[in-house]
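Everything below concerns the one structure shown next.
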Amino acid sequence: MKNKLQLMALLLMAAPASYAQTVANDSTVVDNDDEFTVTESQLGENEDMTSDIIQVGSANNIYASQIGYTWGGSMRFKFRALDNRYNDVSMNGVQVNNAENGRFSFSTIGGMNDAVRNRDNVSPFEDHNYGFGNIGGAANYDLRAGSMASGNKVTLSGCNRNYTMRAMYTYGTGYTKKDWAFFGTVGYRWANMETAAIQGTFYNSLSYFMAVEKKFAEGRRLNLATWGSPTERATQGATVDEARWLTNNWQYNPSWGYQNGKKRSARVVNNFEPSALLSLDWKFNDKLKMTAAAFFKYAMYSTSALKYNDAQNPAPDYWKNLPSSKFNPYPGGHPQNNDFTYAEFWNTYNLWQSPQYSQINWDELYAKNRGRNEAGEDASYFMARRHNDHLVTNLAANFNANLTKTKKLDFGLQLSRNQGMHYQTISDMMGAQYLHNVNSYALGKYTIYDDVYQYDLNNPNKKVGEGDKYGYDYNIISQNAKLWATYTVDNGISHSYISGNISGTNMFREGFMRNGIYKDYSYGKGKKAGFLDGGFKMGTVLNMGKGNALTFGVGYEAKAPTAYNAFQAPELNNNFAANLRNEKHATAELGYSLKNKWVQLNLNAYFYHMYNVTEFSQFYDDEKNSFTYNTLSDVKKLYWGTELGIKVNITSSFNIVALGTWSDAKYMNNATYAYTRSIPAIVEDVLFQSPTICYSKGMREGGTPLTAASLALNYRIKGWYLSLTGNYYDRIYLSFAPNIRTNEAKDLHTTTEDMMTGETVDVYNIPAQAKGKGGFMLDASVGHQFRFKNNNSLSVNLNLCNLTNNRKITTGGFEQSRTNTPILTNGVNYGNPRIYDFTKSPRKYYAQGINGMLNINYRF
C-alpha cells in the first residue's frame with residue numbers, strides 16, 4: 001500500500017499546472033484592435049524573465065510577419081531562440097533599446113495601440129535605412145502625428161487575461177490647412193484581485209500618447225511626441241509542480257495571502273517610463289534627405305519582495321514547507337524514508353489544504369514582528385522594493401542618399417547614454433519599529449563588530465525604516481557611439497547590399513554605499529571599461545522570374561558586452577567580471593521565396609555562431625548562507641534551424657496559412673565559471689585560483705519552443721472575418737542552473753578506479769537539463785465590421801485562445817540553483833543528502849486555460 005501511495009504522489013507531483021496570459025492573433029482581422037494585446041500582456045512585463053519575444057516581421061516573409069501574433073503571446077516564443085537584446089527597436093530612426101541590458105520593454109508602449117501601428121519590421125538580413133540592424137532583426141516605429149489616422153475612435157474590451165477591462169479613446173486631426181497635425185490617445189486597463197484570471201494578481205494601468213507635428217515646405221517636418229504608461233500590477237511567481245498538486249489549482253500562485261481577511265500580494269510591480277521624442281525630417285533635394293531625432297526617458301521601475309531577517313523563509317512553497325522534504329516519494333526513495341517521515345509527508349499534505357498554510361500568512365508575520373518589537377529587536381519580516389531606474393538620452397542622425405536610379409547609400413550616427421540607478425528601499429516594516437542596515441547573513445561566521453557585517457561603513461549600524469535605502473545603492477553608466485552605413489544596388493534582377501558599423505562603448509559603476517566586504521572598491525566611481533566593436537553584413541535577393549527568388553546573407557560582428565553582464569557582483573563592488581571582452585557573432589542565412597496570385601511561400605535556413613559570450617546570474621546558496629553572483633565567460637553557442645511560412649489562397653475569400661520551425665540553440669563548450677559570494681571577506685573569483693568549469697556543453701536556451709508549427713484557416717466575406725488556428729509546440733527547455741554543473745559541485749563529483757591503470761580518477765555525472773512539456777493549442781477568432789454613413793464604422797472582434805483547454809504546456813521556467821548536498825557545519829559534511837530533491841523540482845510557468853477577449857471599436 002505504501003509503495004502505491006508513493007507512486008501516486010510521484011505522478012501527482014509531476015502533473016503540470018498552468019500559467020500564461022495569452023494570445024496572439026492574426027494581424028489581418030478586420031480593424032483588429034487586439035494586435036497589440038500581445039505586447040500589453042506579455043512583452044517586457046516581467047523584468048525577472050529574459051524570455052520576452054523579439055518583435056520581428058517582414059512584408060516579404062510570411063513566416064516572420066506572422067509568428068509574433070501566432071506564437072508570441074501564448075508561448076513567449078523567441079525568434080530563433082534569441083533573447084530580445086538581439087533585436088533593435090527604433091522610433092523615428094533613433095534606437096531606444098536600454099543600453100544597460102540591450103532590451104526594449106514593450107510594456108512602455110502598452111495600452112496605446114493606435115499610436116504604434118505604423119512600424120517597419122525587417123528580418124536580420126534585410127537592409128533598411130535607419131541603422132545597421134541586429135541578428136534578431138529590427139523595427140522602426142513612425143510616431144509622427146501626420147502619419148496617424150485622422151478621426152475619433154473609442155475602444156472597449158473585456159477579457160480574462162492580465163486585465164479584465166480596457167477602454168481607450170483616440171483622436172487625430174491629420175494635416176490641417178496650415179500643415180499642423182495632432183494625435184492623441186488615452187487608455188486604461190484594469191483588473192482587481194477578485195476579477196483577475198490568476199489568483200492574487202491585479203492590474204491598474206493608465207496610458208497616454210500625444211504628438212504634434214508641423215510640416216514645412218520642401219519635405220521638412222518637425223515632430224514632438226510624448227508618452228507614458230504608469231502601471232501598478234501584481235504578478236505571479238513561478239513554482240514547483242508539487243505545490244500545484246497540493247492545492248489542486250492549475251493556476252497556483254505562491255506570491256499572495258490573506259491579511260485581515262483581504263488578499264495581499266508580495267510581488268507588486270510599479271512601472272512608469274515617461275518618454276519624449278523630438279524628430280526633424282529634412283529633404284535637401286530629390287537625392288538626399290535626413291532624419292534627426294532626440295529621445296529622452298526617465299524610467300522608474302520597481303518590484304516588491306517579502307524579505308526575512310534572522311527568520312525562516314515565509315514563502316509557502318519554500319522547500320522545507322513541502323511534503324517531499326519529509327519523505328522522498330520518487331523511485332529509489334531515500335535512506336531516511338521510514339514510517340515516521342511517511343506520516344510527516346501526509347501531515348504536511350493535510351496542512352496544505354488550508355489557505356493559511358498554502359498562501360502567505362500575513363497575520364502571522366505581523367504577529368512575529370510585534371514580538372520582536374517587545375524584545376527591542378530588528379524586524380523579522382519586511383517588504384523591500386528593488387528599484388531599477390534609468391535616465392536615457394539617445395541621439396541619432398540618419399542620411400539617405402539616392403546616388404543613381406539603381407544605387408543608394410544610407411548612413412548615420414547614433415549616440416546613447418544610459419544612467420542606471422539601482423537601489424533597494426524598505427516599503428513596509430509590517431508593524432515593526434526598525435531594521436539595521438547590516439548583513440544579517442554574515443552572523444555566525446563573523447561578529448557584529450566586523451566590517452563585513454556592515455552594508456555601509458560610512459553609516460555603520462544605521463537604523464532604517466519605510467522609504468529608506470537598504471542593502472545596496474549604485475549607478476551604472478553606459479555610453480555608446482556608433483557609425484553605420486549601407487550601400488545598396490538594385491538592378492531589377494538582383495537586389496544587393498553591404499552594410500558596416502563601427503562603435504565605441506564604455507561603462508563604469510558608481511557606488512553610494514561602502515560595503516564592508518569590499519570596502520576598498522565598493523564606494524565611489526570605479527574604473528571604466530572600454531570596447532571598440534563593429535562588423536559587417538551583406539545580402540542578395542536574386543529574382544529568378546515568375547515570383548521565384550533566392551536570398552543569401554552573411555555577417556560578422558564584434559559587440560561589446562552589455563553592462564548587465566559586465567560586472568562581477570554589482571550589488572557589492574565596482575569590479576568587472578574577469579576575462580571580459582567583445583562578444584563575436586558569425587552569421588549566415590539562405591532562403592527561397594515564391595509569390596504569385598495563389599501562393600506566398602518562404603523557406604529559410606540560418607546559422608549563427610556566437611563566442612566570447614559573457615553571462616551573469618545570481619542566487620542564494622543556503623549551503624554557504626550567502627548570495628552568490630555567477631559569471632560564465634568564454635561561452636560558445638550555435639543557433640541554427642529552418643523556417644517555413646506558406647499562405648495559399650484557395651479562393652478570394654478563403655486562405656490557409658501554415659508556419660513551422662525546427663531549430664536548435666546549444667551551448668557548444670564547457671564555459672569558465674566564476675563566482676563572488678556576499679559574505680566572505682575576500683573575493684572568491686576562481687579565475688585566479690584553479691579554474692572552475694561549468695559543464696554547459698549541450699545545454700539549450702530556455703523558455704521557448706525550439707519546435708513549433710501552426711495551421712490557420714482564414715475566411716473573410718462581406719465584412720465578416722473568421723479564423724481557426726491550431727498550434728503545436730515541442731522541445732521546450734528550462735533555463736539551466738550553472739552552479740549545479742561545475743567541477744566543484746559535490747553532487748556531481750565521484751571517484752572511481754581506472755581498470756587499466758589502477759589509478760583513481762574523477763567522474764562527473766552531469767544532470768540533464770530540465771525540460772517542459774509541449775502540446776497542441778486551438779485558437780479561434782471572429783469579427784465583423786459594420787459601416788455607416790459619413791465613413792463611420794463599428795467593429796466587433798471576439799478572440800478565443802486555447803479552446804482545447806490544454807494547461808499542461810510549459811511556457812517557461814528555470815532550474816533551482818540549490819543542490820541536494822546537506823548544509824555544511826564548519827566545513828564538514830554531516831549526514832545524508834537532503835530528502836528533498838531539487839533536481840526534480842524546477843520552477844515553471846504553464847499555459848492558461850481557455851481564455852478570450854472581446855473588442856468593440858467605434859470610429860467616427
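The way I read the labels, and the way they are meant: chains A, B, ... in the order of the C-alpha cells, residue 1 as the first residue of every chain, and ligand 1 as the first ligand shown, with later ones counted on from there.
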So that I can see what lies close to range 323-338 of chain A, please list as a CSV table (one decimal) with C-alpha atoms, in the first residue's frame the residues with an atom at most 6 Å from it, counting only C-alpha atoms and leaving out residues fewer than 3 positions away in the same chain.
```
chain,number,residue,atom,x,y,z
A,6,GLN,CA,4.5,6.8,-3.2
A,10,LEU,CA,5.2,11.0,-7.7
A,320,LYS,CA,11.1,23.0,3.8
A,341,THR,CA,8.7,10.5,7.7
A,342,TYR,CA,5.9,8.9,5.7
A,345,PHE,CA,4.5,13.6,4.4
A,348,THR,CA,2.2,18.3,5.7
A,349,TYR,CA,-0.2,17.4,2.8
A,835,ILE,CA,15.4,14.2,1.4
A,836,TYR,CA,14.0,16.9,-0.9
```
Note to self: Can you pull out every residue from range 522-668 of chain A that DSSP, working from the backbone, puts in strand (DSSP E or B), and format the result as a ChimeraX atom specification?
What the structure shows: /A:524-525,529-545,548-559,567,576,583-595,599-621,626-649,654-667
Next item on the list: Name the residues in contact with range 492-503 of chain A at a cut-off of 9 Å, using only C-alpha atoms, excluding same-chain residues fewer than 4 positions from it; report them as JSON, numbers by chain.
Entry: {"A": [126, 127, 131, 132, 406, 480, 481, 482, 483, 484, 485, 486, 487, 488, 531, 532, 533, 534, 535, 536, 537, 538, 539, 540, 541, 542, 543, 544, 545, 557, 559, 560]}
Restricting it to C-alpha atoms, dump the selection as a compact mmCIF listing (two decimals), in the first residue's frame.
```
# COMPACT_ATOMS: atom_id res chain seq x y z
CA GLU A 126 17.07 42.72 -44.87
CA ASP A 127 18.57 46.15 -45.43
CA GLY A 131 20.56 51.55 -38.80
CA PHE A 132 22.84 48.56 -39.09
CA THR A 406 19.91 51.83 -59.03
CA ASN A 480 27.92 54.31 -26.83
CA ALA A 481 28.71 55.99 -30.15
CA LYS A 482 28.08 54.19 -33.44
CA LEU A 483 28.68 55.00 -37.10
CA TRP A 484 26.92 52.87 -39.71
CA ALA A 485 26.48 52.77 -43.46
CA THR A 486 24.64 50.63 -46.02
CA TYR A 487 25.29 50.61 -49.76
CA THR A 488 22.52 49.14 -51.94
CA PHE A 531 35.34 48.44 -26.03
CA LEU A 532 35.84 49.11 -29.73
CA ASP A 533 33.48 46.99 -31.75
CA GLY A 534 31.90 46.76 -35.17
CA GLY A 535 31.13 44.46 -38.04
CA PHE A 536 29.68 43.98 -41.49
CA LYS A 537 26.96 42.06 -43.27
CA MET A 538 25.92 41.62 -46.88
CA GLY A 539 22.95 40.13 -48.63
CA THR A 540 21.48 39.45 -52.05
CA VAL A 541 18.00 38.76 -53.37
CA LEU A 542 18.17 37.09 -56.78
CA ASN A 543 14.97 37.35 -58.82
CA MET A 544 14.59 34.17 -60.89
CA GLY A 545 11.33 35.17 -62.53
CA GLU A 557 30.18 41.45 -35.78
CA LYS A 559 29.68 43.52 -29.90
CA ALA A 560 30.59 44.97 -26.55
```
Check: Could you name the residues that touch range 464-467 of chain A at 12 Å or less, counting only C-alpha atoms, but leaving out those on the same chain fewer than 2 positions away, as a ChimeraX atom specification?
Finding: /A:378-379,382-387,423-438,455,459-462,469-471
Please dump the current selection as a tab-separated table (two decimals), in the first residue's frame; keep N, CA and C atoms.
```tsv
chain	number	residue	atom	x	y	z
A	378	ASP	N	15.37	43.88	15.82
A	378	ASP	CA	15.05	44.22	14.44
A	378	ASP	C	13.86	43.41	13.94
A	379	ALA	N	13.23	43.93	12.90
A	379	ALA	CA	12.11	43.24	12.29
A	379	ALA	C	12.53	41.87	11.78
A	382	PHE	N	9.86	42.06	6.52
A	382	PHE	CA	9.59	43.40	5.99
A	382	PHE	C	9.46	43.29	4.48
A	383	MET	N	8.84	44.31	3.90
A	383	MET	CA	8.70	44.38	2.45
A	383	MET	C	9.78	45.31	1.90
A	384	ALA	N	10.57	44.78	0.96
A	384	ALA	CA	11.58	45.58	0.28
A	384	ALA	C	11.13	45.85	-1.14
A	385	ARG	N	11.65	46.90	-1.70
A	385	ARG	CA	11.35	47.24	-3.10
A	385	ARG	C	12.66	47.46	-3.84
A	386	ARG	N	12.89	46.64	-4.87
A	386	ARG	CA	14.10	46.75	-5.69
A	386	ARG	C	13.83	47.71	-6.84
A	387	HIS	N	14.63	48.76	-6.91
A	387	HIS	CA	14.45	49.81	-7.91
A	387	HIS	C	15.50	49.67	-9.01
A	423	TYR	N	18.88	50.51	-6.57
A	423	TYR	CA	18.90	50.59	-5.11
A	423	TYR	C	17.70	49.84	-4.56
A	424	GLN	N	17.74	49.61	-3.27
A	424	GLN	CA	16.67	48.89	-2.60
A	424	GLN	C	16.15	49.74	-1.45
A	425	THR	N	14.84	49.81	-1.33
A	425	THR	CA	14.24	50.54	-0.22
A	425	THR	C	13.33	49.63	0.58
A	426	ILE	N	13.01	50.05	1.78
A	426	ILE	CA	12.02	49.35	2.60
A	426	ILE	C	10.67	50.01	2.36
A	427	SER	N	9.73	49.23	1.85
A	427	SER	CA	8.42	49.80	1.53
A	427	SER	C	7.39	49.58	2.63
A	428	ASP	N	7.61	48.59	3.49
A	428	ASP	CA	6.66	48.32	4.56
A	428	ASP	C	7.38	47.58	5.67
A	429	MET	N	7.37	48.14	6.87
A	429	MET	CA	8.01	47.49	8.02
A	429	MET	C	7.12	46.42	8.63
A	430	MET	N	5.91	46.30	8.15
A	430	MET	CA	4.98	45.24	8.59
A	430	MET	C	4.80	45.25	10.11
A	431	GLY	N	4.61	46.45	10.64
A	431	GLY	CA	4.34	46.59	12.06
A	431	GLY	C	5.57	46.66	12.94
A	432	ALA	N	6.75	46.43	12.37
A	432	ALA	CA	7.99	46.51	13.15
A	432	ALA	C	8.41	47.97	13.30
A	433	GLN	N	9.33	48.20	14.25
A	433	GLN	CA	9.74	49.57	14.53
A	433	GLN	C	10.94	49.99	13.68
A	434	TYR	N	11.87	49.09	13.46
A	434	TYR	CA	13.09	49.48	12.75
A	434	TYR	C	13.83	48.24	12.26
A	435	LEU	N	14.88	48.52	11.49
A	435	LEU	CA	15.77	47.49	10.98
A	435	LEU	C	17.13	48.14	10.79
A	436	HIS	N	18.20	47.43	11.13
A	436	HIS	CA	19.54	47.96	10.91
A	436	HIS	C	20.01	47.61	9.50
A	437	ASN	N	20.73	48.55	8.90
A	437	ASN	CA	21.26	48.34	7.55
A	437	ASN	C	22.54	47.51	7.63
A	438	VAL	N	22.36	46.23	8.00
A	438	VAL	CA	23.50	45.34	8.19
A	438	VAL	C	23.23	44.01	7.49
A	455	TYR	N	26.52	46.94	5.66
A	455	TYR	CA	26.21	47.25	4.26
A	455	TYR	C	26.80	48.59	3.86
A	459	ASN	N	28.03	54.74	7.17
A	459	ASN	CA	26.94	54.96	8.12
A	459	ASN	C	26.68	53.65	8.87
A	460	PRO	N	27.62	53.23	9.70
A	460	PRO	CA	27.52	51.91	10.34
A	460	PRO	C	26.32	51.81	11.28
A	461	ASN	N	25.71	50.61	11.29
A	461	ASN	CA	24.59	50.29	12.19
A	461	ASN	C	23.43	51.28	12.09
A	462	LYS	N	23.23	51.83	10.92
A	462	LYS	CA	22.17	52.81	10.73
A	462	LYS	C	20.81	52.13	10.83
A	469	LYS	N	16.77	53.67	2.09
A	469	LYS	CA	17.54	52.74	1.28
A	469	LYS	C	18.19	51.70	2.17
A	470	TYR	N	18.28	50.48	1.62
A	470	TYR	CA	18.73	49.35	2.42
A	470	TYR	C	19.52	48.38	1.54
A	471	GLY	N	20.66	47.94	1.99
A	471	GLY	CA	21.38	46.86	1.32
A	471	GLY	C	22.36	47.29	0.26
```
Notebook entry, point to check: Leaving out range 796-810 of chain A and any residue of its chain fewer than 2 positions from it, which residues lie within 7 Å of it when counting only C-alpha atoms, given as an MDAnalysis selection string?
Noted result: chainID A and resid 16:18 23 772:775 777:785 794 812 844:857
Item checked: Residue contacts of range 219-233 of chain A (8 Å, only C-alpha atoms) excluding same-chain residues fewer than 2 positions away, as JSON, numbers by chain -> {"A": [107, 108, 109, 110, 111, 143, 144, 145, 201, 202, 203, 204, 205, 206, 207, 208, 209, 210, 211, 212, 213, 214, 215, 216, 217, 235, 268, 269, 270, 271, 272, 273, 274, 275, 276, 277, 278, 279, 280, 281, 282, 283]}
